[in-house]
$ cat structure-v6.pdb   # PDB, C-alpha atoms
MODEL        1
ATOM      1  CA  MET K 282      93.829  87.010  93.172
ATOM      2  CA  ASP K 283      95.601  86.770  96.501
ATOM      3  CA  ARG K 284      97.600  89.971  95.913
ATOM      4  CA  ALA K 285      95.819  91.530  92.930
ATOM      5  CA  ASP K 286      94.344  94.267  95.140
ATOM      6  CA  LEU K 287      97.855  95.680  95.528
ATOM      7  CA  TRP K 288      98.299  96.490  91.841
ATOM      8  CA  SER K 289      94.862  96.524  90.218
ATOM      9  CA  ASP K 290      91.236  97.484  90.625
ATOM     10  CA  VAL K 291      90.099  93.994  89.596
ATOM     11  CA  ARG K 292      87.920  92.464  92.287
ATOM     12  CA  PRO K 293      87.171  88.742  92.584
ATOM     13  CA  GLY K 294      83.618  89.229  91.316
ATOM     14  CA  SER K 295      84.781  90.966  88.144
ATOM     15  CA  LEU K 296      87.730  88.699  87.380
ATOM     16  CA  TYR K 297      85.809  86.416  85.041
ATOM     17  CA  GLY K 298      84.451  89.325  83.040
ATOM     18  CA  ALA K 299      87.987  90.702  82.692
ATOM     19  CA  LEU K 300      89.301  87.305  81.580
ATOM     20  CA  HIS K 301      86.539  86.985  78.961
ATOM     21  CA  ARG K 302      87.301  90.482  77.621
ATOM     22  CA  LEU K 303      91.027  89.710  77.418
ATOM     23  CA  ALA K 304      90.296  86.457  75.586
ATOM     24  CA  ALA K 305      87.881  88.206  73.190
ATOM     25  CA  GLU K 306      90.612  90.759  72.416
ATOM     26  CA  GLY K 307      93.084  87.939  71.714
ATOM     27  CA  LEU K 308      95.368  88.941  74.591
ATOM     28  CA  ILE K 309      95.025  85.607  76.417
ATOM     29  CA  GLU K 310      93.869  82.146  75.386
ATOM     30  CA  ALA K 311      92.436  79.235  77.315
ATOM     31  CA  LEU K 312      94.959  76.408  77.657
ATOM     32  CA  ARG K 313      93.041  73.819  79.603
ATOM     33  CA  THR K 314      90.387  73.238  82.223
ATOM     34  CA  GLU K 315      91.327  71.693  85.560
ATOM     35  CA  GLN K 316      89.207  70.331  88.366
ATOM     36  CA  ASP K 317      90.512  69.454  91.808
ATOM     37  CA  GLY K 318      88.177  67.044  93.580
ATOM     38  CA  LYS K 319      84.700  68.472  94.032
ATOM     39  CA  LEU K 320      85.836  72.063  93.567
ATOM     40  CA  PRO K 321      84.441  73.893  90.534
ATOM     41  CA  ALA K 322      86.410  73.488  87.313
ATOM     42  CA  ARG K 323      88.786  76.312  86.478
ATOM     43  CA  THR K 324      90.275  77.432  83.217
ATOM     44  CA  VAL K 325      94.005  78.019  82.925
ATOM     45  CA  TYR K 326      94.925  80.858  80.559
ATOM     46  CA  ALA K 327      98.166  81.818  78.828
ATOM     47  CA  ILE K 328      99.172  85.178  77.433
ATOM     48  CA  THR K 329      99.298  85.350  73.633
ATOM     49  CA  ALA K 330     101.954  87.051  71.486
ATOM     50  CA  GLU K 331      99.529  89.981  71.034
ATOM     51  CA  GLY K 332      99.002  90.008  74.807
ATOM     52  CA  ARG K 333     102.765  90.227  75.376
ATOM     53  CA  ARG K 334     102.993  93.183  72.961
ATOM     54  CA  GLU K 335     100.134  94.939  74.764
ATOM     55  CA  LEU K 336     101.737  94.165  78.139
ATOM     56  CA  ARG K 337     105.057  95.682  77.009
ATOM     57  CA  THR K 338     103.260  98.825  75.824
ATOM     58  CA  LEU K 339     101.203  99.215  79.000
ATOM     59  CA  ARG K 340     104.215  98.488  81.218
ATOM     60  CA  ALA K 341     106.317 101.124  79.442
ATOM     61  CA  GLU K 342     103.510 103.664  79.832
ATOM     62  CA  ALA K 343     103.101 102.855  83.526
ATOM     63  CA  LEU K 344     106.824 103.084  84.247
ATOM     64  CA  GLN K 345     107.235 106.374  82.348
ATOM     65  CA  GLU K 346     104.129 108.200  83.557
ATOM     66  CA  VAL K 347     104.286 109.918  86.918
ATOM     67  CA  ARG K 348     100.851 111.043  87.977
ATOM     68  CA  LEU K 349      99.052 111.509  91.249
ATOM     69  CA  ARG K 350      95.377 111.257  90.469
ATOM     70  CA  PRO K 351      92.971 113.742  92.044
ATOM     71  CA  ASP K 352      91.190 112.279  95.036
ATOM     72  CA  PRO K 353      87.458 113.033  95.317
ATOM     73  CA  VAL K 354      87.898 113.591  99.064
ATOM     74  CA  ASP K 355      89.814 116.799  98.287
ATOM     75  CA  LEU K 356      86.847 118.282  96.426
ATOM     76  CA  ALA K 357      84.459 117.070  99.131
ATOM     77  CA  LEU K 358      86.598 118.771 101.776
ATOM     78  CA  ALA K 359      86.850 121.987  99.761
ATOM     79  CA  MET K 360      83.051 122.035  99.441
ATOM     80  CA  SER K 361      82.299 121.157 103.059
ATOM     81  CA  SER K 362      81.559 124.657 104.377
ATOM     82  CA  ASP K 363      77.903 123.755 104.974
ATOM     83  CA  LEU K 364      78.815 120.828 107.274
ATOM     84  CA  ASP K 365      79.126 121.321 110.982
ATOM     85  CA  GLU K 366      82.428 120.353 112.573
ATOM     86  CA  ASP K 367      81.065 117.228 114.301
ATOM     87  CA  THR K 368      79.625 115.835 111.055
ATOM     88  CA  LEU K 369      82.848 116.438 109.180
ATOM     89  CA  ARG K 370      84.845 114.941 112.061
ATOM     90  CA  GLY K 371      82.657 111.833 111.857
ATOM     91  CA  TYR K 372      83.339 111.449 108.144
ATOM     92  CA  ILE K 373      87.090 111.841 108.627
ATOM     93  CA  GLU K 374      87.167 109.454 111.590
ATOM     94  CA  ASP K 375      85.245 106.859 109.547
ATOM     95  CA  ARG K 376      87.740 107.261 106.720
ATOM     96  CA  ILE K 377      90.616 106.823 109.175
ATOM     97  CA  GLN K 378      89.094 103.580 110.430
ATOM     98  CA  ALA K 379      88.756 102.285 106.865
ATOM     99  CA  LEU K 380      92.331 103.328 106.051
ATOM    100  CA  GLU K 381      93.650 101.663 109.207
ATOM    101  CA  ALA K 382      91.932  98.427 108.188
ATOM    102  CA  GLN K 383      93.462  98.723 104.731
ATOM    103  CA  ALA K 384      96.896  99.403 106.251
ATOM    104  CA  ALA K 385      96.521  96.288 108.408
ATOM    105  CA  GLN K 386      95.874  94.277 105.234
ATOM    106  CA  PHE K 387      99.034  95.669 103.669
ATOM    107  CA  ASP K 388     100.975  94.825 106.830
ATOM    108  CA  HIS K 389      99.564  91.297 106.627
ATOM    109  CA  HIS K 390     100.752  91.011 103.016
ATOM    110  CA  ARG K 391     104.170  92.308 104.054
ATOM    111  CA  ASP K 392     104.511  89.863 106.943
ATOM    112  CA  ARG K 393     103.315  86.858 104.960
ATOM    113  CA  VAL K 394     105.734  85.055 102.695
ATOM    114  CA  TRP K 395     104.438  83.050  99.751
ATOM    115  CA  PRO K 396     106.371  80.407  97.805
ATOM    116  CA  ASP K 397     107.094  82.407  94.640
ATOM    117  CA  GLN K 398     107.599  85.777  96.336
ATOM    118  CA  THR K 399     110.014  88.124  94.564
ATOM    119  CA  VAL K 400     111.746  91.382  95.409
ATOM    120  CA  ALA K 401     109.221  93.078  93.098
ATOM    121  CA  ASP K 402     106.383  91.612  95.197
ATOM    122  CA  ASP K 403     108.007  93.041  98.331
ATOM    123  CA  LEU K 404     108.324  96.461  96.701
ATOM    124  CA  VAL K 405     104.695  96.497  95.538
ATOM    125  CA  VAL K 406     103.514  95.696  99.071
ATOM    126  CA  GLU K 407     105.805  98.347 100.551
ATOM    127  CA  HIS K 408     104.543 100.943  98.052
ATOM    128  CA  ALA K 409     100.937 100.213  99.040
ATOM    129  CA  ARG K 410     101.841 100.328 102.721
ATOM    130  CA  LEU K 411     103.660 103.677 102.427
ATOM    131  CA  ARG K 412     100.805 105.205 100.417
ATOM    132  CA  SER K 413      98.396 104.061 103.104
ATOM    133  CA  GLU K 414     100.637 105.582 105.783
ATOM    134  CA  ALA K 415     100.675 108.915 103.909
ATOM    135  CA  GLU K 416      96.858 108.893 103.636
ATOM    136  CA  LEU K 417      96.540 108.262 107.359
ATOM    137  CA  ALA K 418      98.926 111.131 108.131
ATOM    138  CA  TRP K 419      96.939 113.501 105.885
ATOM    139  CA  HIS K 420      93.630 112.497 107.473
ATOM    140  CA  GLN K 421      95.105 113.116 110.919
ATOM    141  CA  LEU K 422      96.209 116.567 109.714
ATOM    142  CA  VAL K 423      92.622 117.267 108.612
ATOM    143  CA  LEU K 424      91.350 116.248 112.053
ATOM    144  CA  ASP K 425      93.954 118.469 113.727
ATOM    145  CA  ARG K 426      92.848 121.460 111.641
ATOM    146  CA  LEU K 427      89.080 120.960 111.704
ATOM    147  CA  GLY K 428      88.562 123.916 114.028
ATOM    148  CA  LYS K 429      90.482 126.232 111.698
ATOM    149  CA  LEU K 430      88.695 124.766 108.694
ATOM    150  CA  ALA K 431      85.306 125.549 110.211
ATOM    151  CA  VAL K 432      86.381 129.101 111.152
ATOM    152  CA  GLY K 433      87.644 129.752 107.602
ATOM    153  CA  SER K 434      84.387 128.449 106.145
ATOM    154  CA  GLU K 435      82.318 130.682 108.434
ATOM    155  CA  GLN K 436      84.360 133.748 107.475
ATOM    156  CA  ARG K 437      83.905 133.037 103.746
ATOM    157  CA  ALA K 438      80.162 132.458 104.230
ATOM    158  CA  ARG K 439      79.771 135.869 105.928
ATOM    159  CA  ARG K 440      81.434 137.692 103.016
TER     160      ARG K 440
ENDMDL
END
$ encode --input "structure-v6.pdb" --output "structure tokens"
Amino acid sequence: MDRADLWSDVRPGSLYGALHRLAAEGLIEALRTEQDGKLPARTVYAITAEGRRELRTLRAEALQEVRLRPDPVDLALAMSSDLDEDTLRGYIEDRIQALEAQAAQFDHHRDRVWPDQTVADDLVVEHARLRSEAELAWHQLVLDRLGKLAVGSEQRARR
């Protein structure tokens, strides 16, 4: 789970549900249960032959498909003509703060070396970091153009 946020939407609280679904689908199987001292017991899973087939299929799809998903913030911005400039600025500044915190996490991942780290791990972290950097640049562009955005919205509203 230490780096899962870089390549999945699985959060620690939903991990067990995901594991149970994968096991129910026959994609993974429980190997053993381990307990270290007084820590809670944990189950160690292994991928099944069916799981490996599914992984190959999903990996091929992911490597072949190039898609930038629509971001809900674009629609929100396009439909923001009824917001005053200060309110919209507040939203964008809040988003920038959240993105900066996320970027700091990616920088932390990049600067931290773990025992089994691979070149692929480095590339995944760098991809996340560069995407975060692009988001920050776009949000700064929005802030820089807020005055023009408000003027354009007012002109459309008068028509």
$ closest_residue --input "structure-v6.pdb" --among "K:Trp419, K:Ala305, K:Asp317, K:Leu430" --to "Arg376 of chain K" --atoms "all atoms listed in the file"
K:Trp419
$ atom_distance --input "structure-v6.pdb" --atom1 "atom CA of Arg391 of chain K" --atom2 "atom CA of Glu414 of chain K"
13.8 Å
$ atom_distance --input "structure-v6.pdb" --atom1 "atom CA of Ala401 of chain K" --atom2 "atom CA of His389 of chain K"
16.7 Å
$ axis_aligned_box --input "structure-v6.pdb" --around "segment 310-322 of chain K" --padding-each-side "6 Å" --output "lines of an AutoDock Vina configuration file"
center_x = 89.7
center_y = 74.6
center_z = 84.7
size_x = 22.5
size_y = 27.1
size_z = 30.6
$ resolve_selection --input "structure-v6.pdb" --expression "the PyMOL selection byres ((chain K and resi 421) around 12)" --output "CSV table (one decimal) with C-alpha atoms, in the frame of the given file"
chain,number,residue,atom,x,y,z
K,370,ARG,CA,84.8,114.9,112.1
K,373,ILE,CA,87.1,111.8,108.6
K,374,GLU,CA,87.2,109.5,111.6
K,375,ASP,CA,85.2,106.9,109.5
K,376,ARG,CA,87.7,107.3,106.7
K,377,ILE,CA,90.6,106.8,109.2
K,378,GLN,CA,89.1,103.6,110.4
K,380,LEU,CA,92.3,103.3,106.1
K,381,GLU,CA,93.6,101.7,109.2
K,414,GLU,CA,100.6,105.6,105.8
K,415,ALA,CA,100.7,108.9,103.9
K,416,GLU,CA,96.9,108.9,103.6
K,417,LEU,CA,96.5,108.3,107.4
K,418,ALA,CA,98.9,111.1,108.1
K,419,TRP,CA,96.9,113.5,105.9
K,420,HIS,CA,93.6,112.5,107.5
K,422,LEU,CA,96.2,116.6,109.7
K,423,VAL,CA,92.6,117.3,108.6
K,424,LEU,CA,91.4,116.2,112.1
K,425,ASP,CA,94.0,118.5,113.7
K,426,ARG,CA,92.8,121.5,111.6
K,427,LEU,CA,89.1,121.0,111.7
$ atom_distance --input "structure-v6.pdb" --atom1 "atom CA of Thr338 of chain K" --atom2 "atom CA of Pro351 of chain K"
24.3 Å
$ closest_residue --input "structure-v6.pdb" --among "K:Val394, K:Leu404, K:Leu358, K:Ala304" --to "Tyr372 of chain K" --atoms "all atoms listed in the file"
K:Leu358
$ residues_around --input "structure-v6.pdb" --residues "Thr324 of chain K" --least-positions-apart "2" --cutoff "8 Å" --atoms "all atoms listed in the file" --output "JSON, numbers by chain"
{"K": [311, 312, 313, 314, 315, 322, 326]}
$ closest_residue --input "structure-v6.pdb" --among "K:Arg412, K:Arg393, K:Arg333, K:Lys319" --to "Leu349 of chain K" --atoms "all atoms listed in the file"
K:Arg412
$ closest_residue --input "structure-v6.pdb" --among "K:Pro321, K:Val400, K:Val347, K:Gly428" --to "Asp367 of chain K" --atoms "all atoms listed in the file"
K:Gly428
$ resolve_selection --input "structure-v6.pdb" --expression "the PyMOL selection byres ((chain K and resi 303) around 12)" --output "PyMOL selection string"
chain K and resi 296-302+304-311+326-329+331-333+335-336
